file input_39.txt (compact mmCIF, C-alpha atoms and all ligand atoms)
# COMPACT_ATOMS: atom_id res chain seq x y z
CA MET R 88 9.63 -14.01 -14.50
CA ARG R 89 9.50 -17.44 -12.85
CA LYS R 90 7.14 -17.81 -9.91
CA TYR R 91 7.71 -20.03 -6.89
CA ASN R 92 5.72 -22.20 -4.49
CA ILE R 93 5.97 -20.69 -1.02
CA ALA R 94 4.81 -22.01 2.35
CA VAL R 95 4.42 -19.89 5.49
CA ILE R 96 4.33 -21.89 8.73
CA GLY R 97 2.75 -20.14 11.70
CA VAL R 98 0.29 -17.26 11.70
CA GLY R 99 1.24 -15.67 15.01
CA ALA R 100 2.91 -12.28 15.42
CA VAL R 101 5.66 -13.07 12.87
CA GLY R 102 3.65 -15.27 10.47
CA ILE R 103 1.01 -12.58 9.92
CA GLU R 104 3.77 -10.06 9.19
CA MET R 105 5.36 -12.57 6.81
CA LEU R 106 2.14 -12.71 4.73
CA ARG R 107 2.01 -8.91 4.71
CA VAL R 108 5.68 -8.55 3.66
CA LEU R 109 5.41 -11.17 0.87
CA TYR R 110 2.44 -9.29 -0.55
CA GLN R 111 3.96 -5.82 -0.15
CA ARG R 112 7.28 -6.84 -1.75
CA LYS R 113 5.41 -8.50 -4.66
CA PHE R 114 7.26 -11.75 -4.07
CA PRO R 115 6.94 -13.90 -7.23
CA ILE R 116 4.51 -16.51 -5.85
CA ALA R 117 2.87 -19.25 -7.91
CA ASN R 118 1.23 -21.03 -4.93
CA LEU R 119 1.08 -19.88 -1.32
CA THR R 120 0.42 -22.52 1.36
CA VAL R 121 -0.27 -21.21 4.88
CA LEU R 122 0.08 -23.73 7.69
CA ALA R 123 -0.42 -23.78 11.46
CA ARG R 124 -1.43 -26.26 14.17
CA SER R 125 -5.11 -25.78 13.41
CA ALA R 126 -6.99 -24.85 10.22
CA ARG R 127 -9.03 -21.62 9.93
CA ASN R 128 -9.59 -18.65 7.64
CA ILE R 129 -7.77 -15.43 8.46
CA GLU R 130 -7.69 -11.93 7.00
CA VAL R 131 -4.59 -9.74 6.78
CA ASP R 132 -5.04 -6.20 5.38
CA ALA R 133 -8.39 -7.27 3.85
CA LYS R 134 -6.75 -10.21 2.05
CA LYS R 135 -8.17 -13.63 2.90
CA TYR R 136 -5.93 -16.62 3.61
CA SER R 137 -6.98 -20.20 4.21
CA VAL R 138 -4.78 -21.71 6.94
CA LYS R 139 -4.34 -25.48 6.74
CA THR R 140 -3.27 -27.95 9.39
CA ILE R 141 0.42 -28.77 9.02
CA SER R 142 1.47 -32.22 7.80
CA PRO R 143 4.53 -33.46 5.84
CA GLY R 144 2.57 -33.89 2.59
CA MET R 145 1.81 -30.15 2.58
CA PHE R 146 5.44 -29.56 1.56
CA ASP R 147 5.24 -31.46 -1.74
CA GLY R 148 6.40 -29.08 -4.49
CA VAL R 149 7.26 -26.23 -2.09
CA ASP R 150 10.33 -24.21 -3.19
CA ILE R 151 10.74 -22.15 -0.03
CA ALA R 152 9.21 -22.68 3.42
CA LEU R 153 9.25 -19.68 5.74
CA PHE R 154 8.95 -21.03 9.29
CA ALA R 155 7.44 -18.77 11.95
CA GLY R 156 6.18 -21.43 14.33
CA THR R 157 7.17 -21.92 17.93
CA GLU R 158 10.72 -23.10 18.69
CA GLY R 159 11.79 -26.32 20.38
CA GLU R 160 10.78 -29.97 20.35
CA LYS R 161 7.06 -29.31 19.89
CA GLY R 162 7.65 -26.49 17.43
CA ALA R 163 7.15 -26.57 13.69
CA ALA R 164 10.77 -26.32 12.48
CA VAL R 165 12.22 -29.19 14.53
CA THR R 166 9.47 -31.51 13.30
CA TYR R 167 8.94 -30.34 9.71
CA ALA R 168 12.11 -28.63 8.39
CA LYS R 169 13.54 -32.01 7.38
CA GLU R 170 10.33 -32.80 5.46
CA VAL R 171 10.86 -29.68 3.33
CA VAL R 172 14.55 -30.46 2.69
CA LYS R 173 13.75 -34.10 1.85
CA ARG R 174 11.40 -32.81 -0.87
CA GLY R 175 14.03 -30.45 -2.34
CA GLY R 176 12.71 -27.23 -0.80
CA VAL R 177 14.65 -24.61 1.19
CA VAL R 178 13.76 -23.74 4.79
CA ILE R 179 14.16 -20.23 6.19
CA ASP R 180 13.60 -20.52 9.92
CA ASN R 181 12.83 -17.67 12.32
CA GLY R 182 13.45 -19.64 15.48
CA ALA R 183 16.64 -20.48 17.37
CA ASP R 184 16.64 -24.24 16.67
CA PHE R 185 19.28 -24.23 13.90
CA ARG R 186 20.96 -20.84 14.31
CA MET R 187 24.20 -22.08 15.84
CA ASP R 188 24.46 -25.24 13.70
CA PRO R 189 27.72 -24.81 11.73
CA ARG R 190 26.04 -26.26 8.60
CA VAL R 191 23.30 -23.61 8.70
CA PRO R 192 24.02 -20.07 7.48
CA LEU R 193 22.73 -17.31 9.76
CA VAL R 194 21.99 -14.38 7.49
CA VAL R 195 21.28 -10.68 7.56
CA PRO R 196 21.42 -9.71 3.86
CA GLU R 197 22.93 -6.25 4.47
CA VAL R 198 25.79 -7.92 6.35
CA ASN R 199 26.51 -11.44 5.02
CA ALA R 200 24.28 -12.12 2.00
CA LYS R 201 27.03 -14.29 0.49
CA ASP R 202 26.54 -16.88 3.26
CA VAL R 203 23.15 -17.77 1.73
CA LYS R 204 24.98 -19.69 -1.00
CA LYS R 205 26.49 -22.07 1.59
CA HIS R 206 23.12 -23.50 2.63
CA LYS R 207 22.35 -27.21 2.60
CA GLY R 208 18.58 -26.82 2.75
CA ILE R 209 18.18 -24.72 5.91
CA ILE R 210 18.98 -21.04 6.49
CA SER R 211 18.35 -19.36 9.84
CA ASN R 212 17.04 -15.89 10.50
CA PRO R 213 18.82 -14.38 13.52
CA ASN R 214 17.07 -13.18 16.67
CA CYS R 215 15.29 -9.83 16.30
CA SER R 216 17.63 -7.94 18.67
CA THR R 217 20.70 -9.32 16.86
CA ILE R 218 19.46 -8.32 13.39
CA GLN R 219 19.07 -4.63 14.12
CA MET R 220 22.35 -4.49 16.05
CA VAL R 221 24.44 -6.06 13.27
CA VAL R 222 22.84 -3.91 10.55
CA ALA R 223 23.95 -0.82 12.50
CA LEU R 224 27.37 -2.12 13.58
CA SER R 225 28.55 -3.90 10.44
CA PRO R 226 29.46 -0.77 8.41
CA ILE R 227 31.33 0.64 11.44
CA HIS R 228 33.14 -2.67 11.97
CA LYS R 229 34.20 -2.82 8.31
CA LYS R 230 35.56 0.74 8.34
CA PHE R 231 36.93 1.28 11.84
CA GLY R 232 37.00 -2.20 13.43
CA ILE R 233 34.96 -2.84 16.59
CA LYS R 234 36.63 -4.54 19.52
CA ARG R 235 34.04 -4.06 22.28
CA VAL R 236 30.22 -3.87 22.39
CA ILE R 237 28.09 -3.24 25.48
CA ALA R 238 24.37 -3.30 24.71
CA THR R 239 21.16 -2.80 26.64
CA THR R 240 18.07 -3.77 24.69
CA LEU R 241 14.55 -2.48 25.38
CA GLN R 242 12.35 -5.08 23.73
CA ALA R 243 8.66 -4.79 22.87
CA SER R 244 5.96 -7.23 23.97
CA SER R 245 5.38 -8.56 20.44
CA GLY R 246 8.92 -9.90 20.54
CA ALA R 247 7.51 -12.61 22.81
CA GLY R 248 4.67 -13.43 20.38
CA ARG R 249 0.96 -12.71 20.17
CA SER R 250 0.24 -14.04 23.70
CA ALA R 251 2.58 -11.43 25.22
CA VAL R 252 0.79 -8.62 23.35
CA ARG R 253 -2.51 -9.98 24.69
CA GLN R 254 -1.08 -9.96 28.24
CA LEU R 255 0.09 -6.33 27.93
CA LYS R 256 -3.29 -5.19 26.55
CA GLU R 257 -5.18 -7.04 29.29
CA GLU R 258 -2.98 -5.53 32.03
CA VAL R 259 -3.36 -2.00 30.64
CA SER R 260 -7.13 -2.43 30.55
CA LEU R 261 -7.29 -3.94 34.09
CA ILE R 262 -5.28 -1.01 35.47
CA ALA R 263 -7.52 1.49 33.64
CA GLN R 264 -10.60 -0.25 35.12
CA LYS R 265 -9.14 0.26 38.61
CA GLY R 266 -8.76 3.97 37.87
CA GLN R 267 -4.98 3.49 38.07
CA ALA R 268 -5.21 3.41 41.87
CA ASP R 269 -3.42 0.07 42.04
CA LEU R 270 -0.78 -0.72 39.45
CA ASN R 271 -0.51 -4.40 40.40
CA VAL R 272 -2.78 -6.62 38.34
CA LYS R 273 -2.88 -10.26 37.38
CA ALA R 274 -3.77 -10.93 33.74
CA LYS R 275 -5.74 -14.14 33.16
CA ASN R 276 -3.41 -15.16 30.35
CA ARG R 277 0.05 -14.31 31.60
CA SER R 278 2.77 -15.57 29.21
CA MET R 279 5.66 -13.37 30.36
CA PRO R 280 7.47 -13.88 33.68
CA GLN R 281 6.27 -10.54 35.14
CA GLN R 282 3.58 -7.89 34.75
CA LEU R 283 4.60 -5.62 31.86
CA ALA R 284 2.08 -2.76 32.00
CA TYR R 285 3.55 0.23 33.90
CA ASN R 286 6.64 -1.89 34.41
CA LEU R 287 9.73 -3.38 32.76
CA PHE R 288 11.96 -6.30 33.65
CA PRO R 289 15.53 -7.40 32.81
CA HIS R 290 14.53 -10.96 31.97
CA ILE R 291 14.07 -12.20 28.40
CA GLY R 292 14.33 -15.93 27.79
CA THR R 293 15.77 -18.15 30.49
CA PHE R 294 18.71 -17.56 32.82
CA ALA R 295 21.83 -19.35 31.59
CA GLU R 296 25.64 -19.31 32.00
CA ALA R 297 27.34 -16.62 34.08
CA GLY R 298 24.07 -14.94 35.09
CA TYR R 299 23.14 -13.93 31.53
CA THR R 300 19.86 -14.95 29.88
CA ASN R 301 19.85 -17.02 26.70
CA GLU R 302 18.53 -13.91 24.89
CA GLU R 303 21.69 -12.07 26.02
CA TRP R 304 23.90 -14.94 24.82
CA LYS R 305 22.09 -14.89 21.44
CA LEU R 306 23.31 -11.32 20.91
CA VAL R 307 26.89 -12.47 21.54
CA LYS R 308 26.99 -15.76 19.66
CA GLU R 309 24.81 -14.78 16.70
CA THR R 310 26.77 -11.53 16.15
CA HIS R 311 30.03 -13.52 16.12
CA LYS R 312 28.62 -15.96 13.57
CA ILE R 313 27.12 -13.32 11.25
CA MET R 314 30.17 -11.04 11.37
CA HIS R 315 32.62 -13.96 11.15
CA ASP R 316 34.51 -12.46 14.10
CA ASN R 317 34.62 -14.40 17.36
CA LYS R 318 37.06 -11.93 18.92
CA MET R 319 34.61 -9.06 19.32
CA SER R 320 33.89 -8.65 23.07
CA ILE R 321 30.13 -8.38 23.48
CA SER R 322 28.10 -8.17 26.66
CA ALA R 323 24.39 -7.38 26.95
CA THR R 324 21.41 -6.82 29.22
CA THR R 325 18.02 -7.51 27.61
CA VAL R 326 14.97 -5.75 29.05
CA ARG R 327 11.27 -6.24 28.24
CA VAL R 328 9.46 -2.89 28.06
CA PRO R 329 5.75 -2.01 27.73
CA VAL R 330 5.95 -1.16 24.04
CA ARG R 331 3.72 -3.03 21.55
CA THR R 332 6.20 -3.38 18.68
CA GLY R 333 9.69 -2.00 18.04
CA HIS R 334 12.87 -2.90 19.87
CA SER R 335 15.30 -0.17 20.99
CA GLU R 336 18.95 -0.71 21.83
CA SER R 337 21.41 1.47 23.67
CA ILE R 338 24.77 0.35 22.30
CA TYR R 339 28.28 1.33 23.42
CA ILE R 340 31.13 0.43 21.09
CA GLU R 341 34.87 0.72 21.28
CA THR R 342 36.51 0.87 17.87
CA LYS R 343 40.06 -0.15 16.91
CA ARG R 344 40.62 3.13 15.04
CA PRO R 345 39.10 6.45 16.20
CA ALA R 346 35.71 7.15 14.61
CA SER R 347 34.15 10.58 15.07
CA PRO R 348 30.35 10.84 15.42
CA ASP R 349 30.27 12.88 12.18
CA LYS R 350 32.11 10.17 10.27
CA VAL R 351 29.88 7.44 11.69
CA ARG R 352 26.75 9.47 10.90
CA ALA R 353 27.92 9.95 7.29
CA LEU R 354 28.87 6.29 6.96
CA LEU R 355 25.57 4.95 8.34
CA SER R 356 23.52 7.44 6.27
CA LYS R 357 24.76 5.78 3.09
CA SER R 358 24.63 2.19 4.38
CA ALA R 359 21.98 -0.25 3.15
CA GLY R 360 18.87 -0.62 5.30
CA ILE R 361 19.71 2.22 7.73
CA ILE R 362 18.04 5.59 8.32
CA VAL R 363 19.89 8.03 10.56
CA ILE R 364 17.67 10.31 12.67
CA ASP R 365 20.06 12.30 14.80
CA ASP R 366 18.99 15.87 15.50
CA PRO R 367 18.66 16.08 19.29
CA LYS R 368 18.40 19.90 19.25
CA ASN R 369 15.04 19.43 17.51
CA ASN R 370 14.12 16.42 19.70
CA LEU R 371 14.64 14.07 16.76
CA TYR R 372 15.84 10.54 17.47
CA PRO R 373 14.44 7.09 16.63
CA MET R 374 11.47 5.78 18.65
CA PRO R 375 9.72 2.40 18.48
CA LYS R 376 6.24 3.79 17.73
CA ASP R 377 7.65 5.49 14.62
CA ALA R 378 9.56 2.38 13.52
CA GLU R 379 6.47 0.14 13.69
CA GLY R 380 5.55 -1.09 10.20
CA LYS R 381 8.88 -0.01 8.68
CA ASP R 382 11.65 -2.19 7.26
CA GLU R 383 14.70 -0.06 8.05
CA VAL R 384 16.94 0.11 11.09
CA PHE R 385 16.90 3.61 12.61
CA VAL R 386 20.02 5.03 14.31
CA GLY R 387 20.44 8.18 16.38
CA ARG R 388 22.07 9.73 19.49
CA ILE R 389 25.51 9.03 17.98
CA ARG R 390 27.99 10.54 20.42
CA LYS R 391 31.49 10.17 21.77
CA ASP R 392 32.49 8.76 25.11
CA PRO R 393 34.17 11.82 26.70
CA PHE R 394 36.65 9.52 28.48
CA ASN R 395 37.65 7.23 25.59
CA LYS R 396 38.68 8.52 22.15
CA ASN R 397 37.58 5.23 20.61
CA GLY R 398 34.28 4.98 22.50
CA LEU R 399 30.90 5.77 20.92
CA TRP R 400 27.22 5.45 21.86
CA LEU R 401 24.42 4.65 19.42
CA TRP R 402 20.65 4.35 19.85
CA VAL R 403 19.24 1.75 17.44
CA VAL R 404 15.52 1.08 16.83
CA ALA R 405 13.70 -1.32 14.46
CA ASP R 406 10.38 -3.11 14.08
CA ASN R 407 11.07 -6.56 15.60
CA LEU R 408 8.34 -8.23 13.54
CA ARG R 409 9.51 -6.75 10.23
CA LYS R 410 13.30 -6.24 9.95
CA GLY R 411 13.69 -8.29 13.14
CA ALA R 412 11.85 -11.25 11.62
CA ALA R 413 9.55 -11.25 8.54
CA THR R 414 11.31 -8.73 6.30
CA ASN R 415 14.74 -10.24 6.95
CA ALA R 416 13.38 -13.74 6.21
CA VAL R 417 11.76 -12.60 2.95
CA GLN R 418 14.99 -10.78 1.97
CA ILE R 419 16.83 -14.08 2.50
CA ALA R 420 14.25 -15.83 0.31
CA GLU R 421 14.79 -13.19 -2.40
CA CYS R 422 18.51 -13.89 -2.16
CA VAL R 423 18.04 -17.67 -2.43
CA LEU R 424 15.93 -17.35 -5.57
CA LEU R 425 17.10 -14.21 -7.25
CA CYS R 426 20.70 -13.41 -6.22
CA PRO R 427 23.23 -14.28 -8.96
N1 LIG R 501 8.05 -12.02 17.73
C1 LIG R 501 9.24 -11.60 17.30
O1 LIG R 501 9.59 -10.39 17.36
C2 LIG R 501 10.23 -12.59 16.73
C3 LIG R 501 11.37 -12.07 16.16
C4 LIG R 501 12.30 -12.96 15.61
C5 LIG R 501 12.05 -14.31 15.66
N2 LIG R 501 10.92 -14.79 16.24
C6 LIG R 501 10.68 -16.23 16.22
O2 LIG R 501 9.67 -16.48 15.24
C7 LIG R 501 8.91 -17.63 15.63
C8 LIG R 501 7.42 -17.26 15.69
O3 LIG R 501 7.25 -16.29 16.70
P1 LIG R 501 5.86 -15.53 16.95
O4 LIG R 501 6.22 -14.39 17.82
O5 LIG R 501 5.13 -15.29 15.68
O6 LIG R 501 5.06 -16.65 17.78
P2 LIG R 501 3.49 -16.73 18.09
O7 LIG R 501 2.86 -15.39 17.96
O8 LIG R 501 3.38 -17.43 19.37
O9 LIG R 501 2.88 -17.68 16.92
C9 LIG R 501 3.29 -19.01 16.74
C10 LIG R 501 2.61 -19.61 15.51
O10 LIG R 501 3.25 -20.86 15.24
C11 LIG R 501 2.29 -21.87 15.06
N3 LIG R 501 2.86 -23.14 15.53
C12 LIG R 501 3.37 -23.43 16.74
N4 LIG R 501 3.78 -24.72 16.81
C13 LIG R 501 3.51 -25.25 15.59
C14 LIG R 501 3.66 -26.53 15.02
N5 LIG R 501 4.21 -27.55 15.69
N6 LIG R 501 3.27 -26.73 13.74
C15 LIG R 501 2.72 -25.71 13.02
N7 LIG R 501 2.54 -24.47 13.50
C16 LIG R 501 2.91 -24.24 14.78
C17 LIG R 501 1.09 -21.45 15.87
O11 LIG R 501 -0.03 -22.14 15.32
P3 LIG R 501 -1.54 -21.93 15.85
O12 LIG R 501 -1.91 -20.52 15.45
O13 LIG R 501 -2.36 -22.95 15.13
O14 LIG R 501 -1.49 -22.11 17.34
C18 LIG R 501 1.12 -19.92 15.66
O15 LIG R 501 0.42 -19.57 14.48
C19 LIG R 501 9.49 -18.11 16.98
O16 LIG R 501 10.44 -19.11 16.72
C20 LIG R 501 10.18 -16.85 17.49
O17 LIG R 501 11.22 -17.15 18.37
C21 LIG R 501 9.99 -13.96 16.76
call {"tool": "encode", "arguments": {"input": "input_39.txt", "output": "C-alpha cells"}}
result
Amino acid sequence: MRKYNIAVIGVGAVGIEMLRVLYQRKFPIANLTVLARSARNIEVDAKKYSVKTISPGMFDGVDIALFAGTEGEKGAAVTYAKEVVKRGGVVIDNGADFRMDPRVPLVVPEVNAKDVKKHKGIISNPNCSTIQMVVALSPIHKKFGIKRVIATTLQASSGAGRSAVRQLKEEVSLIAQKGQADLNVKAKNRSMPQQLAYNLFPHIGTFAEAGYTNEEWKLVKETHKIMHDNKMSISATTVRVPVRTGHSESIYIETKRPASPDKVRALLSKSAGIIVIDDPKNNLYPMPKDAEGKDEVFVGRIRKDPFNKNGLWLWVVADNLRKGAATNAVQIAECVLLCP
C-alpha cells in the first residue's frame, strides 16, 4: 500500500488529537511533519514527536496538510495553506477561514463525502457543533425531510482550545482553595469572556447579525452548505458549559413527513457514525464524559412534540476534539487518498 507525506500544523487541543487519531487509524504515513509557531519535543500517548517551527519550505513534498492552527490573519491556514497548494499538496483546514468559500468543499464524510472530489487544493472541516448535528440530522432529512431546526448547544471548554481548558481548571482549583465559600474567582489566564467554573454562558464567538453569535450563524450556514439545502430554517443558541470535552445539543426538528420516534431510532441505529443510547427508564442517554475519546455521534431522548405531529426532540453528544475536529479531518484525508 502506498504511503503518504503528512503534515500536522498546530499542537493545541485539536492538533494533539490529530496525532492520536492518525496513529490509532493506522493512516498510511511515509513522513510525518509536525509544525507550530515554536519548536519543541512533545509526547502523545508515550509517542515522541519533534515539533518544528513552521515555514513555507516545510511543505515541500507534503501530500496532505492537516491544519489545526489558530484562525484568522495571524493564523496558520491563512498564511500557509497557499504554500501547500502551490507545492501540489492538499490542505484540510479545521478553522473557519475557508469554510464558506464556494470553491472549498465543506465535508462531513457520513453526509457529503462526494464533495471531497470537487476540491481545488483546500477542503474545510466544519465547526465542531455543526459536524455532530449534521451527522444526526442527515439520515432524518434524507428519509423524512426536515424543514425546521431549533438547536441549543452546550459546548465544552476544550472547544475554545487548550487555553480555555487551562482557565476552567484554574477556576475550579481557586474555588476549591476558597472552600467553595465564594464562587466568584478571577483566573490569571482568562481566555473566555466569563468565568466558566460553576457557571455557564450563552456566548460563544462574537456577537453578529440579528443578535446571534458567529458560532450560532456557523450552525446555520455550514449546515446549509453541507446538506446542499438553503431552505432549511435553522436557529440556534450556543452555550459554553463547564465540561472538559464533549459537546451536547438539544435539537428540535420539524419534518416534512411525520416521523415517529421509533422509526427515527431505527433509522439512526443503522446510520454510519451514530450510536443510539435511548433508554430513559434505565437512566440511559448520551453524556459528554462518556463520549470523550470516542469517534461516534451519540443520540438519545428521541421524543415527539405532543403539540405537533411533525415535531421531534433529539439529544446529540460527541467529542468535539475527535468527531468534531480531528477524526472528521482524518476521515476527509482518507477520502482524498483512498476513496475511488
Ligand atoms: N477545539 C475544538 O473543539 C475545535 C473544533 C473544531 C475546530 N477547531 C478549530 O481548530 C483549530 C485549532 O484549534 P485548537 O482548539 O486546537 O487551538 P489551540 O489549542 O489554541 O492550539 C492552536 C495551535 O496552533 C498553533 N498555531 C497558531 N498560530 C499558528 C501559526 N501562525 N503557525 C503555526 N502554528 C500556529 C499553535 O502553536 P504554538 O503551540 O506554537 O503556540 C498551537 O499549537 C482552530 O481553527 C479552531 O477553530 C477547534
call {"tool": "atom_distance", "arguments": {"input": "input_39.txt", "atom1": "atom CA of Arg174 of chain R", "atom2": "atom CA of Ile151 of chain R"}}
result
10.7 Å
call {"tool": "residues_near_ligand", "arguments": {"input": "input_39.txt", "ligand": "ligand LIG 501 (chain R)", "cutoff": "6 Å", "atoms": "only C-alpha atoms and all ligand atoms", "output": "number ranges by chain"}}
result
R: 96-102, 123-125, 141, 155-158, 161-163, 181-182, 214-215, 245-249, 407-408, 411-412
call {"tool": "residues_around", "arguments": {"input": "input_39.txt", "residues": "Arg327 of chain R", "least_positions_apart": "2", "cutoff": "6 Å", "atoms": "only C-alpha atoms", "output": "VMD selection string"}}
result
chain R and resid 241 to 242 287 to 288
call {"tool": "closest_residue", "arguments": {"input": "input_39.txt", "among": "R:Ser137, R:Arg186, R:Asp366, R:Ser358", "to": "Val222 of chain R", "atoms": "all atoms listed in the file"}}
result
R:Ser358
call {"tool": "atom_distance", "arguments": {"input": "input_39.txt", "atom1": "atom CA of Ile233 of chain R", "atom2": "atom CA of Ser320 of chain R"}}
result
8.8 Å
call {"tool": "atom_distance", "arguments": {"input": "input_39.txt", "atom1": "atom CA of Ile129 of chain R", "atom2": "atom CA of Ala168 of chain R"}}
result
23.9 Å
call {"tool": "closest_residue", "arguments": {"input": "input_39.txt", "among": "R:Gly292, R:Pro348, R:Pro226, R:Gly360", "to": "Gln418 of chain R", "atoms": "only C-alpha atoms"}}
result
R:Gly360
call {"tool": "residues_near_point", "arguments": {"input": "input_39.txt", "point": "(31.7, -2.2, 18.2)", "cutoff": "8 Å", "atoms": "only C-alpha atoms", "output": "list in words"}}
result
Leu224, Ile227, His228, Gly232, Ile233, Lys234, Arg235, Val236, Met319, Tyr339, Ile340, Glu341 and Thr342 of chain R
call {"tool": "closest_residue", "arguments": {"input": "input_39.txt", "among": "R:Gly398, R:Thr332, R:Val403, R:Val198", "to": "Ala359 of chain R", "atoms": "all atoms listed in the file"}}
result
R:Val198
call {"tool": "residues_near_point", "arguments": {"input": "input_39.txt", "point": "(12.8, 8.9, 17.0)", "cutoff": "10 Å", "atoms": "all atoms listed in the file", "output": "number ranges by chain"}}
result
R: 363-367, 370-378, 385-388, 402-404
call {"tool": "closest_residue", "arguments": {"input": "input_39.txt", "among": "R:Val138, R:Asn271, R:Met314, R:Ala295", "to": "Ala126 of chain R", "atoms": "all atoms listed in the file"}}
result
R:Val138
call {"tool": "closest_residue", "arguments": {"input": "input_39.txt", "among": "R:Lys173, R:Gln219, R:Ile291, R:Asp316", "to": "Asp382 of chain R", "atoms": "only C-alpha atoms"}}
result
R:Gln219
call {"tool": "residues_around", "arguments": {"input": "input_39.txt", "residues": "Tyr285 of chain R", "least_positions_apart": "2", "cutoff": "12 Å", "atoms": "all atoms listed in the file", "output": "list in words"}}
result
Leu255, Lys256, Glu258, Val259, Ser260, Leu261, Ile262, Ala263, Gln267, Asp269, Leu270, Asn271, Val272, Gln281, Gln282, Leu283, Leu287, Phe288, Arg327, Val328, Pro329 and Val330 of chain R
call {"tool": "closest_residue", "arguments": {"input": "input_39.txt", "among": "R:Ser278, R:Val252, R:Gln111, R:Ala243", "to": "Val131 of chain R", "atoms": "only C-alpha atoms"}}
result
R:Gln111
call {"tool": "residues_around", "arguments": {"input": "input_39.txt", "residues": "Pro213 of chain R", "least_positions_apart": "3", "cutoff": "7 Å", "atoms": "all atoms listed in the file", "output": "list in words"}}
result
Asn181, Arg186, Leu193, Val194, Thr217, Ile218 and Glu309 of chain R
call {"tool": "residues_around", "arguments": {"input": "input_39.txt", "residues": "Val195 of chain R", "least_positions_apart": "4", "cutoff": "7 Å", "atoms": "all atoms listed in the file", "output": "PyMOL selection string"}}
result
chain R and resi 199-200+218+415
call {"tool": "axis_aligned_box", "arguments": {"input": "input_39.txt", "around": "segment 174-193 of chain R", "padding_each_side": "3 Å", "output": "JSON"}}
result
{"center_x": 19.6, "center_y": -25.1, "center_z": 7.5, "size_x": 22.3, "size_y": 21.5, "size_z": 25.7}
